[in-house]
file final_31.txt (compact mmCIF, C-alpha atoms)
# COMPACT_ATOMS: atom_id res chain seq x y z
CA MET A 1 2.54 -45.64 -97.93
CA GLN A 2 3.37 -45.17 -94.26
CA ILE A 3 1.02 -43.05 -92.19
CA ASN A 4 1.67 -42.48 -88.49
CA GLU A 5 -0.92 -41.15 -86.09
CA GLN A 6 -0.28 -39.48 -82.78
CA LYS A 7 -2.87 -37.92 -80.48
CA GLN A 8 -1.87 -34.88 -78.51
CA GLY A 9 -4.65 -33.53 -76.29
CA ASP A 10 -7.62 -33.05 -78.62
CA VAL A 11 -5.40 -32.80 -81.70
CA MET A 12 -4.73 -35.71 -84.03
CA ILE A 13 -1.36 -35.48 -85.76
CA VAL A 14 -0.87 -37.54 -88.90
CA ALA A 15 2.62 -37.87 -90.37
CA ILE A 16 3.01 -39.12 -93.94
CA ASP A 17 6.04 -40.41 -95.81
CA ASP A 18 7.83 -39.16 -98.93
CA HIS A 19 5.58 -39.93 -101.91
CA LEU A 20 1.92 -38.97 -102.24
CA ASP A 21 0.90 -39.95 -105.77
CA THR A 22 -2.01 -41.57 -107.62
CA ILE A 23 -1.20 -44.97 -106.13
CA ALA A 24 -0.80 -43.75 -102.53
CA ALA A 25 -3.63 -41.21 -102.44
CA PRO A 26 -6.66 -43.52 -101.94
CA ALA A 27 -5.26 -45.05 -98.71
CA PHE A 28 -4.35 -41.60 -97.40
CA GLU A 29 -7.82 -40.29 -98.20
CA GLN A 30 -9.50 -43.22 -96.50
CA ARG A 31 -7.38 -42.72 -93.39
CA LEU A 32 -7.99 -38.99 -93.05
CA LEU A 33 -11.71 -39.15 -93.78
CA GLY A 34 -11.92 -42.12 -91.40
CA LEU A 35 -10.40 -40.04 -88.60
CA ILE A 36 -12.99 -37.32 -89.17
CA ASP A 37 -15.77 -39.92 -89.22
CA GLY A 38 -14.34 -41.19 -85.94
CA GLY A 39 -14.90 -37.76 -84.39
CA GLU A 40 -11.56 -35.97 -84.85
CA ARG A 41 -12.10 -32.24 -85.37
CA LYS A 42 -8.57 -30.87 -84.96
CA LEU A 43 -6.23 -32.41 -87.47
CA ILE A 44 -2.59 -31.74 -88.31
CA VAL A 45 -0.93 -33.37 -91.31
CA ASP A 46 2.82 -33.28 -90.78
CA CYS A 47 4.53 -33.29 -94.20
CA SER A 48 8.16 -33.08 -93.05
CA ALA A 49 9.00 -36.32 -94.92
CA LEU A 50 6.95 -35.51 -98.02
CA GLN A 51 9.04 -34.90 -101.16
CA TYR A 52 6.56 -35.48 -103.98
CA VAL A 53 2.87 -34.73 -104.32
CA ASN A 54 0.70 -34.70 -107.43
CA SER A 55 -2.91 -33.70 -108.03
CA ALA A 56 -4.28 -36.96 -106.59
CA GLY A 57 -2.54 -36.14 -103.30
CA LEU A 58 -3.57 -32.49 -103.40
CA LYS A 59 -7.14 -33.59 -103.90
CA VAL A 60 -7.00 -35.51 -100.61
CA PHE A 61 -5.90 -32.39 -98.71
CA LEU A 62 -8.72 -30.42 -100.30
CA LEU A 63 -11.39 -33.07 -99.62
CA THR A 64 -10.23 -33.40 -96.02
CA ALA A 65 -10.31 -29.63 -95.47
CA LYS A 66 -13.77 -29.40 -97.02
CA LYS A 67 -15.13 -32.18 -94.86
CA ILE A 68 -13.64 -31.11 -91.55
CA GLU A 69 -14.56 -27.44 -92.03
CA THR A 70 -18.17 -28.35 -92.83
CA LEU A 71 -18.26 -30.09 -89.43
CA GLY A 72 -16.78 -27.10 -87.63
CA GLY A 73 -13.29 -28.59 -87.38
CA GLN A 74 -9.90 -27.49 -88.64
CA LEU A 75 -7.08 -28.95 -90.70
CA VAL A 76 -3.56 -27.55 -90.47
CA ILE A 77 -0.81 -28.77 -92.80
CA CYS A 78 2.71 -28.30 -91.48
CA SER A 79 6.40 -28.67 -92.31
CA LEU A 80 6.21 -28.56 -96.11
CA ALA A 81 9.44 -29.02 -98.06
CA ALA A 82 10.25 -26.19 -100.50
CA SER A 83 9.31 -28.26 -103.58
CA VAL A 84 5.97 -29.26 -102.08
CA LEU A 85 5.25 -25.73 -100.85
CA MET A 86 5.84 -24.52 -104.42
CA ILE A 87 3.13 -26.90 -105.65
CA PHE A 88 0.76 -25.74 -102.89
CA GLU A 89 1.35 -22.14 -103.95
CA MET A 90 0.75 -22.89 -107.65
CA ILE A 91 -2.55 -24.53 -106.96
CA GLY A 92 -3.68 -21.74 -104.64
CA PHE A 93 -3.72 -23.88 -101.49
CA THR A 94 -1.51 -21.50 -99.52
CA ARG A 95 -4.33 -18.95 -99.77
CA ILE A 96 -7.21 -21.20 -98.81
CA MET A 97 -5.67 -23.68 -96.37
CA LYS A 98 -4.00 -23.32 -93.03
CA ILE A 99 -0.30 -23.98 -93.48
CA ALA A 100 2.18 -23.88 -90.60
CA PRO A 101 5.98 -23.94 -90.81
CA ASN A 102 6.29 -26.59 -88.12
CA ARG A 103 4.35 -28.78 -85.71
CA GLU A 104 4.54 -26.31 -82.81
CA GLU A 105 3.00 -23.52 -84.88
CA ALA A 106 0.36 -25.93 -86.16
CA LEU A 107 -0.61 -26.81 -82.59
CA LEU A 108 -0.76 -23.11 -81.70
CA ALA A 109 -3.02 -22.47 -84.69
CA LEU A 110 -5.40 -25.08 -83.31
CA GLY A 111 -5.34 -23.49 -79.88
CA SER A 112 -3.14 -26.19 -78.38
CA SER A 113 0.51 -26.06 -77.49
CA ALA A 114 3.33 -28.53 -77.36
CA PRO A 115 3.80 -30.16 -73.94
CA ALA A 116 6.38 -28.35 -71.81
CA MET B 1 27.17 -33.52 -134.10
CA GLN B 2 25.99 -35.89 -131.43
CA PRO B 3 22.32 -36.87 -131.57
CA GLU B 4 20.15 -35.47 -128.82
CA PRO B 5 19.79 -37.87 -125.89
CA LYS B 6 16.45 -39.61 -126.15
CA ILE B 7 14.72 -42.41 -124.30
CA GLN B 8 11.46 -44.13 -125.17
CA PHE B 9 9.15 -46.40 -123.21
CA SER B 10 5.98 -48.15 -124.28
CA ILE B 11 3.59 -49.20 -121.57
CA LYS B 12 0.12 -50.66 -121.41
CA VAL B 13 -2.77 -48.71 -119.96
CA ASP B 14 -2.02 -49.54 -116.37
CA LEU B 15 -1.45 -47.18 -113.49
CA ALA B 16 0.96 -49.63 -111.88
CA ALA B 17 3.27 -49.50 -114.92
CA LEU B 18 3.53 -45.75 -114.69
CA ALA B 19 5.57 -45.28 -111.50
CA PRO B 20 8.58 -47.44 -112.59
CA THR B 21 8.58 -45.73 -116.00
CA ALA B 22 8.55 -42.28 -114.40
CA GLU B 23 11.42 -43.43 -112.20
CA ARG B 24 13.51 -44.44 -115.22
CA ILE B 25 12.77 -41.19 -117.01
CA ARG B 26 13.82 -39.27 -113.90
CA TYR B 27 17.08 -41.23 -113.84
CA PHE B 28 17.67 -40.49 -117.55
CA LEU B 29 17.11 -36.74 -117.04
CA CYS B 30 19.37 -36.76 -114.01
CA GLU B 31 22.10 -38.55 -115.97
CA HIS B 32 21.98 -35.84 -118.61
CA GLY B 33 22.40 -33.04 -116.12
CA VAL B 34 18.86 -31.66 -116.19
CA ASP B 35 18.20 -29.47 -113.14
CA ALA B 36 16.06 -30.70 -110.27
CA ASP B 37 13.17 -28.27 -110.89
CA ALA B 38 12.79 -29.38 -114.51
CA ILE B 39 12.94 -33.05 -113.48
CA TYR B 40 10.28 -32.46 -110.85
CA ALA B 41 8.04 -30.76 -113.43
CA ILE B 42 8.45 -33.59 -115.96
CA GLU B 43 7.75 -36.18 -113.28
CA ILE B 44 4.48 -34.48 -112.33
CA VAL B 45 3.51 -34.09 -115.99
CA ILE B 46 4.05 -37.82 -116.66
CA GLU B 47 1.72 -38.73 -113.86
CA GLU B 48 -0.94 -36.13 -114.59
CA ILE B 49 -1.14 -36.66 -118.35
CA ALA B 50 -0.76 -40.43 -118.38
CA THR B 51 -3.20 -40.84 -115.48
CA ASN B 52 -5.74 -38.68 -117.32
CA THR B 53 -5.26 -40.79 -120.44
CA ILE B 54 -5.67 -44.02 -118.53
CA LYS B 55 -8.68 -42.86 -116.53
CA TYR B 56 -10.59 -40.72 -119.02
CA GLY B 57 -9.11 -41.31 -122.47
CA PHE B 58 -9.53 -45.06 -122.21
CA GLY B 59 -12.76 -44.72 -120.30
CA ASN B 60 -12.39 -45.09 -116.59
CA TYR B 61 -10.63 -48.45 -116.48
CA GLY B 62 -13.24 -49.89 -118.85
CA PHE B 63 -12.56 -52.61 -121.39
CA VAL B 64 -9.61 -51.99 -123.66
CA SER B 65 -9.05 -54.40 -126.56
CA PRO B 66 -5.68 -56.20 -126.42
CA ALA B 67 -4.43 -54.43 -129.55
CA LYS B 68 -5.23 -51.04 -128.06
CA GLY B 69 -4.26 -49.37 -124.85
CA ASN B 70 -0.66 -48.45 -125.57
CA ILE B 71 1.06 -45.38 -124.25
CA THR B 72 4.47 -44.32 -125.53
CA LEU B 73 6.57 -41.84 -123.61
CA THR B 74 9.50 -40.25 -125.40
CA THR B 75 11.83 -38.00 -123.48
CA THR B 76 14.40 -35.80 -125.22
CA VAL B 77 17.04 -33.57 -123.70
CA THR B 78 18.39 -30.64 -125.69
CA GLU B 79 20.74 -27.92 -124.57
CA ALA B 80 17.81 -25.63 -123.86
CA ARG B 81 15.05 -27.91 -122.66
CA ALA B 82 13.70 -31.25 -121.53
CA GLU B 83 10.83 -32.45 -123.65
CA LEU B 84 8.26 -35.16 -123.18
CA LEU B 85 6.02 -36.61 -125.86
CA ILE B 86 3.15 -38.80 -124.64
CA GLU B 87 1.32 -40.73 -127.36
CA ASP B 88 -1.61 -43.10 -127.00
CA ASP B 89 -3.99 -44.97 -129.29
CA GLY B 90 -7.11 -44.14 -127.31
CA PRO B 91 -10.07 -42.07 -128.45
CA PRO B 92 -9.41 -38.37 -129.13
CA PHE B 93 -8.70 -36.59 -125.87
CA ASP B 94 -7.22 -33.12 -125.72
CA PRO B 95 -6.02 -32.23 -122.22
CA THR B 96 -5.02 -28.71 -123.28
CA GLN B 97 -8.74 -27.95 -123.64
CA ALA B 98 -9.60 -29.06 -120.10
CA PRO B 99 -10.94 -26.16 -118.04
CA ASP B 100 -8.59 -24.60 -115.54
CA PRO B 101 -10.12 -24.47 -112.08
CA ILE B 102 -10.74 -20.89 -111.11
CA GLN B 103 -8.73 -20.14 -108.04
CA HIS B 104 -11.33 -19.64 -105.40
CA ARG B 105 -11.02 -17.79 -102.18
CA ASP B 106 -11.95 -20.52 -99.77
CA VAL B 107 -11.87 -24.26 -99.35
CA ASP B 108 -15.62 -24.46 -99.75
CA GLU B 109 -15.69 -23.09 -103.28
CA MET B 110 -12.55 -24.68 -104.69
CA PRO B 111 -13.41 -27.47 -107.13
CA VAL B 112 -11.73 -30.82 -106.58
CA GLY B 113 -11.36 -31.50 -110.33
CA GLY B 114 -8.87 -29.90 -112.68
CA LEU B 115 -5.98 -29.59 -110.22
CA GLY B 116 -3.72 -31.80 -112.36
CA ILE B 117 -4.16 -29.81 -115.56
CA HIS B 118 -3.57 -26.60 -113.65
CA LEU B 119 -0.27 -28.03 -112.37
CA VAL B 120 0.79 -29.08 -115.87
CA ARG B 121 0.03 -25.63 -117.29
CA THR B 122 1.87 -23.87 -114.51
CA LEU B 123 4.93 -26.13 -114.36
CA THR B 124 5.69 -26.33 -118.09
CA ASP B 125 6.89 -23.82 -120.66
CA GLY B 126 4.95 -25.46 -123.47
CA PHE B 127 1.90 -27.73 -123.63
CA GLU B 128 0.53 -28.87 -127.02
CA TYR B 129 -1.90 -31.44 -128.33
CA LYS B 130 -2.23 -33.03 -131.78
CA ARG B 131 -4.30 -35.86 -133.17
CA VAL B 132 -2.12 -37.78 -135.66
CA ASN B 133 -2.98 -41.09 -137.37
CA HIS B 134 -5.60 -42.03 -134.78
CA HIS B 135 -3.18 -41.27 -131.97
CA ASN B 136 -3.24 -38.58 -129.31
CA GLN B 137 0.05 -36.71 -129.03
CA VAL B 138 0.69 -34.50 -126.05
CA ARG B 139 3.96 -32.61 -126.09
CA VAL B 140 5.28 -30.65 -123.13
CA TRP B 141 8.61 -29.01 -122.51
CA VAL B 142 10.43 -27.33 -119.68
CA HIS B 143 13.35 -24.94 -120.07
CA ARG B 144 16.54 -26.05 -118.40
CA LYS B 145 18.19 -23.78 -115.90
CA LYS B 146 21.60 -22.54 -116.97
CA GLU B 147 24.52 -23.63 -114.84
call {"tool": "encode", "arguments": {"input": "final_31.txt", "output": "structure tokens"}}
result
Amino acid sequence: MQINEQKQGDVMIVAIDDHLDTIAAPAFEQRLLGLIDGGERKLIVDCSALQYVNSAGLKVFLLTAKKIETLGGQLVICSLAASVLMIFEMIGFTRIMKIAPNREEALLALGSSAPA
Amino acid sequence: MQPEPKIQFSIKVDLAALAPTAERIRYFLCEHGVDADAIYAIEIVIEEIATNTIKYGFGNYGFVSPAKGNITLTTTVTEARAELLIEDDGPPFDPTQAPDPIQHRDVDEMPVGGLGIHLVRTLTDGFEYKRVNHHNQVRVWVHRKKE
């Protein structure tokens, strides 16, 4: 699985590719938890390419949110495709997690803004 | 009358074998005009149920004798629905009895386990388990959308 990182101010933006399943989830989990261990406290996961997620992938989002919030940080998930958003709704994540329609809104939610 | 389109795959207990099989089932459903939402649901169910079977039914990647450890996936398309039958020769394991995670109000309280079963219950129109001849049989179906 391809994971791209981009730092913008104090926000770390992680973009993932199209398939987050049982095979891909462990690497994704390691990467996100590694970023938090490395001191990141404002994290955006950009899901604009994501087309398929199952419970193994959902678990990674939940674990990451749990960990970062315990440390006083924040996770915002942005740019979910309709099919993925439907899964997030079913599982109750849209109620308990911060979801933004796009990267700009995600940055705003973290108190940062896109560069002019 | 034409027989109902059906496709069957037998795989070994191996997570790596699952993805290509799911891919072929998706192609089969697509070929028979099943709508995208139903295909998506079946795809998730394959992964959730078969992964559960592999991880828990056969004991967390523990030793499986060569004669055992077979999973058969049979997919049938009827006019009204897409149906998936997942059979394995592992110890009795009934996923329909797995507890549903209570939907909690914040990240802190939400349990990490049980998300997969919750997805299966929510995405399907039917979810049944039977133990037949020392085999687990899990049957799920999803109604097709009318054109």
call {"tool": "residues_around", "arguments": {"input": "final_31.txt", "residues": "Ile117 (chain B)", "least_positions_apart": "4", "cutoff": "9 Å", "atoms": "all atoms listed in the file", "output": "list in words"}}
result
Ser55 of chain A; Val45, Glu48, Ile49, Pro95, Thr96, Ala98, Pro99, Asp100, Pro101, Arg121 and Thr122 of chain B
call {"tool": "write_last_selection", "arguments": {"input": "final_31.txt", "atoms": "C-alpha atoms", "output": "mmCIF file, in the frame of the given file"}}
result
data_model
loop_
_atom_site.group_PDB
_atom_site.id
_atom_site.type_symbol
_atom_site.label_atom_id
_atom_site.label_comp_id
_atom_site.auth_asym_id
_atom_site.auth_seq_id
_atom_site.Cartn_x
_atom_site.Cartn_y
_atom_site.Cartn_z
ATOM 1 C CA SER A 55 -2.910 -33.700 -108.030
ATOM 2 C CA VAL B 45 3.510 -34.090 -115.990
ATOM 3 C CA GLU B 48 -0.940 -36.130 -114.590
ATOM 4 C CA ILE B 49 -1.140 -36.660 -118.350
ATOM 5 C CA PRO B 95 -6.020 -32.230 -122.220
ATOM 6 C CA THR B 96 -5.020 -28.710 -123.280
ATOM 7 C CA ALA B 98 -9.600 -29.060 -120.100
ATOM 8 C CA PRO B 99 -10.940 -26.160 -118.040
ATOM 9 C CA ASP B 100 -8.590 -24.600 -115.540
ATOM 10 C CA PRO B 101 -10.120 -24.470 -112.080
ATOM 11 C CA ARG B 121 0.030 -25.630 -117.290
ATOM 12 C CA THR B 122 1.870 -23.870 -114.510
#
call {"tool": "axis_aligned_box", "arguments": {"input": "final_31.txt", "around": "region 104-118 of chain B", "padding_each_side": "5 Å", "output": "lines of an AutoDock Vina configuration file"}}
result
center_x = -9.6
center_y = -24.8
center_z = -107.5
size_x = 22.1
size_y = 24.0
size_z = 26.2
call {"tool": "residues_around", "arguments": {"input": "final_31.txt", "residues": "Lys42 (chain A)", "least_positions_apart": "3", "cutoff": "7 Å", "atoms": "only C-alpha atoms", "output": "list of chain:residue names"}}
result
A:Asp10, A:Val11, A:Met12, A:Gly73, A:Gln74, A:Leu75, A:Leu110
call {"tool": "residues_near_point", "arguments": {"input": "final_31.txt", "point": "(-16.0, -28.0, -86.8)", "cutoff": "7 Å", "atoms": "all atoms listed in the file", "output": "ChimeraX atom specification"}}
result
/A:41,68-74
call {"tool": "write_last_selection", "arguments": {"input": "final_31.txt", "atoms": "C-alpha atoms", "output": "mmCIF file, in the coordinates of the input"}}
result
data_model
loop_
_atom_site.group_PDB
_atom_site.id
_atom_site.type_symbol
_atom_site.label_atom_id
_atom_site.label_comp_id
_atom_site.auth_asym_id
_atom_site.auth_seq_id
_atom_site.Cartn_x
_atom_site.Cartn_y
_atom_site.Cartn_z
ATOM 1 C CA ARG A 41 -12.100 -32.240 -85.370
ATOM 2 C CA ILE A 68 -13.640 -31.110 -91.550
ATOM 3 C CA GLU A 69 -14.560 -27.440 -92.030
ATOM 4 C CA THR A 70 -18.170 -28.350 -92.830
ATOM 5 C CA LEU A 71 -18.260 -30.090 -89.430
ATOM 6 C CA GLY A 72 -16.780 -27.100 -87.630
ATOM 7 C CA GLY A 73 -13.290 -28.590 -87.380
ATOM 8 C CA GLN A 74 -9.900 -27.490 -88.640
#
call {"tool": "interface_residues", "arguments": {"input": "final_31.txt", "of": "chain A", "to": "chain B", "cutoff": "8 Å", "atoms": "only C-alpha atoms", "output": "list in words"}}
result
Thr22, Ile23, Asn54, Ser55, Ala56, Leu58, Lys59, Leu62, Leu63, Ala65, Lys66, Ile87, Met90, Ile91, Gly92, Arg95, Ile96 and Met97 of chain A
call {"tool": "residues_around", "arguments": {"input": "final_31.txt", "residues": "Glu105 (chain A)", "least_positions_apart": "2", "cutoff": "12 Å", "atoms": "only C-alpha atoms", "output": "number ranges by chain"}}
result
A: 44, 46, 76-79, 98-103, 107-114
call {"tool": "write_last_selection", "arguments": {"input": "final_31.txt", "atoms": "C-alpha atoms", "output": "tab-separated table (two decimals), in the frame of the given file"}}
result
chain	number	residue	atom	x	y	z
A	44	ILE	CA	-2.59	-31.74	-88.31
A	46	ASP	CA	2.82	-33.28	-90.78
A	76	VAL	CA	-3.56	-27.55	-90.47
A	77	ILE	CA	-0.81	-28.77	-92.80
A	78	CYS	CA	2.71	-28.30	-91.48
A	79	SER	CA	6.40	-28.67	-92.31
A	98	LYS	CA	-4.00	-23.32	-93.03
A	99	ILE	CA	-0.30	-23.98	-93.48
A	100	ALA	CA	2.18	-23.88	-90.60
A	101	PRO	CA	5.98	-23.94	-90.81
A	102	ASN	CA	6.29	-26.59	-88.12
A	103	ARG	CA	4.35	-28.78	-85.71
A	107	LEU	CA	-0.61	-26.81	-82.59
A	108	LEU	CA	-0.76	-23.11	-81.70
A	109	ALA	CA	-3.02	-22.47	-84.69
A	110	LEU	CA	-5.40	-25.08	-83.31
A	111	GLY	CA	-5.34	-23.49	-79.88
A	112	SER	CA	-3.14	-26.19	-78.38
A	113	SER	CA	0.51	-26.06	-77.49
A	114	ALA	CA	3.33	-28.53	-77.36
call {"tool": "atom_distance", "arguments": {"input": "final_31.txt", "atom1": "CA of Leu85 (chain B)", "atom2": "CA of Met86 (chain A)"}}
result
24.6 Å
call {"tool": "atom_distance", "arguments": {"input": "final_31.txt", "atom1": "CA of Glu23 (chain B)", "atom2": "CA of Glu87 (chain B)"}}
result
18.4 Å
call {"tool": "closest_residue", "arguments": {"input": "final_31.txt", "among": "B:Pro3, B:Ala50, B:Ala17, B:Arg81", "to": "Phe93 (chain B)", "atoms": "only C-alpha atoms"}}
result
B:Ala50
call {"tool": "residues_around", "arguments": {"input": "final_31.txt", "residues": "Gly57 (chain A)", "least_positions_apart": "4", "cutoff": "8 Å", "atoms": "all atoms listed in the file", "output": "short mmCIF file (atom, residue, chain, number, x, y, z; two decimals) with C-alpha atoms, keeping the file's coordinate frame"}}
result
data_model
loop_
_atom_site.label_atom_id
_atom_site.label_comp_id
_atom_site.auth_asym_id
_atom_site.auth_seq_id
_atom_site.Cartn_x
_atom_site.Cartn_y
_atom_site.Cartn_z
CA LEU A 20 1.92 -38.97 -102.24
CA ASP A 21 0.90 -39.95 -105.77
CA THR A 22 -2.01 -41.57 -107.62
CA ALA A 24 -0.80 -43.75 -102.53
CA ALA A 25 -3.63 -41.21 -102.44
CA VAL A 53 2.87 -34.73 -104.32
CA PHE A 61 -5.90 -32.39 -98.71
#
call {"tool": "atom_distance", "arguments": {"input": "final_31.txt", "atom1": "CA of Lys55 (chain B)", "atom2": "CA of Leu50 (chain A)"}}
result
25.3 Å
call {"tool": "closest_residue", "arguments": {"input": "final_31.txt", "among": "B:Val13, B:Val142, B:Cys30, B:Ile7", "to": "Gly57 (chain B)", "atoms": "all atoms listed in the file"}}
result
B:Val13
call {"tool": "decode", "arguments": {"input": "final_31.txt", "residues": "region 73-88 of chain A", "atoms": "N, CA, C and O atoms", "output": "short mmCIF file (atom, residue, chain, number, x, y, z; two decimals), in the first residue's frame"}}
result
data_model
loop_
_atom_site.label_atom_id
_atom_site.label_comp_id
_atom_site.auth_asym_id
_atom_site.auth_seq_id
_atom_site.Cartn_x
_atom_site.Cartn_y
_atom_site.Cartn_z
N GLY A 73 -3.73 15.14 21.37
CA GLY A 73 -3.68 15.51 19.96
C GLY A 73 -5.03 15.31 19.28
O GLY A 73 -6.02 15.00 19.92
N GLN A 74 -5.01 15.48 17.96
CA GLN A 74 -6.25 15.36 17.19
C GLN A 74 -6.02 14.67 15.86
O GLN A 74 -5.02 14.92 15.19
N LEU A 75 -6.98 13.83 15.48
CA LEU A 75 -6.97 13.19 14.17
C LEU A 75 -8.18 13.69 13.40
O LEU A 75 -9.29 13.69 13.92
N VAL A 76 -7.95 14.14 12.16
CA VAL A 76 -9.08 14.50 11.29
C VAL A 76 -8.96 13.65 10.02
O VAL A 76 -7.88 13.52 9.44
N ILE A 77 -10.07 13.03 9.63
CA ILE A 77 -10.10 12.22 8.43
C ILE A 77 -10.84 13.01 7.36
O ILE A 77 -11.94 13.52 7.63
N CYS A 78 -10.25 13.15 6.19
CA CYS A 78 -10.91 14.00 5.19
C CYS A 78 -11.08 13.32 3.83
O CYS A 78 -10.45 12.32 3.54
N SER A 79 -11.95 13.91 3.04
CA SER A 79 -12.17 13.55 1.63
C SER A 79 -12.61 12.09 1.43
O SER A 79 -12.04 11.37 0.60
N LEU A 80 -13.61 11.66 2.18
CA LEU A 80 -14.09 10.28 2.05
C LEU A 80 -15.01 10.13 0.85
O LEU A 80 -15.92 10.94 0.64
N ALA A 81 -14.77 9.08 0.06
CA ALA A 81 -15.68 8.75 -1.05
C ALA A 81 -17.02 8.31 -0.45
O ALA A 81 -17.08 7.86 0.69
N ALA A 82 -18.09 8.41 -1.25
CA ALA A 82 -19.44 8.10 -0.75
C ALA A 82 -19.52 6.68 -0.16
O ALA A 82 -20.10 6.48 0.91
N SER A 83 -18.90 5.71 -0.85
CA SER A 83 -19.00 4.32 -0.38
C SER A 83 -18.27 4.15 0.96
O SER A 83 -18.72 3.39 1.83
N VAL A 84 -17.17 4.84 1.13
CA VAL A 84 -16.40 4.74 2.37
C VAL A 84 -17.12 5.49 3.50
O VAL A 84 -17.19 5.02 4.63
N LEU A 85 -17.69 6.64 3.15
CA LEU A 85 -18.44 7.43 4.14
C LEU A 85 -19.62 6.61 4.67
O LEU A 85 -19.92 6.63 5.87
N MET A 86 -20.24 5.84 3.78
CA MET A 86 -21.37 4.99 4.17
C MET A 86 -20.92 3.98 5.25
O MET A 86 -21.60 3.77 6.24
N ILE A 87 -19.75 3.40 5.04
CA ILE A 87 -19.20 2.44 6.01
C ILE A 87 -18.91 3.15 7.34
O ILE A 87 -19.20 2.63 8.42
N PHE A 88 -18.34 4.35 7.27
CA PHE A 88 -18.04 5.12 8.48
C PHE A 88 -19.33 5.43 9.26
O PHE A 88 -19.34 5.39 10.48
#
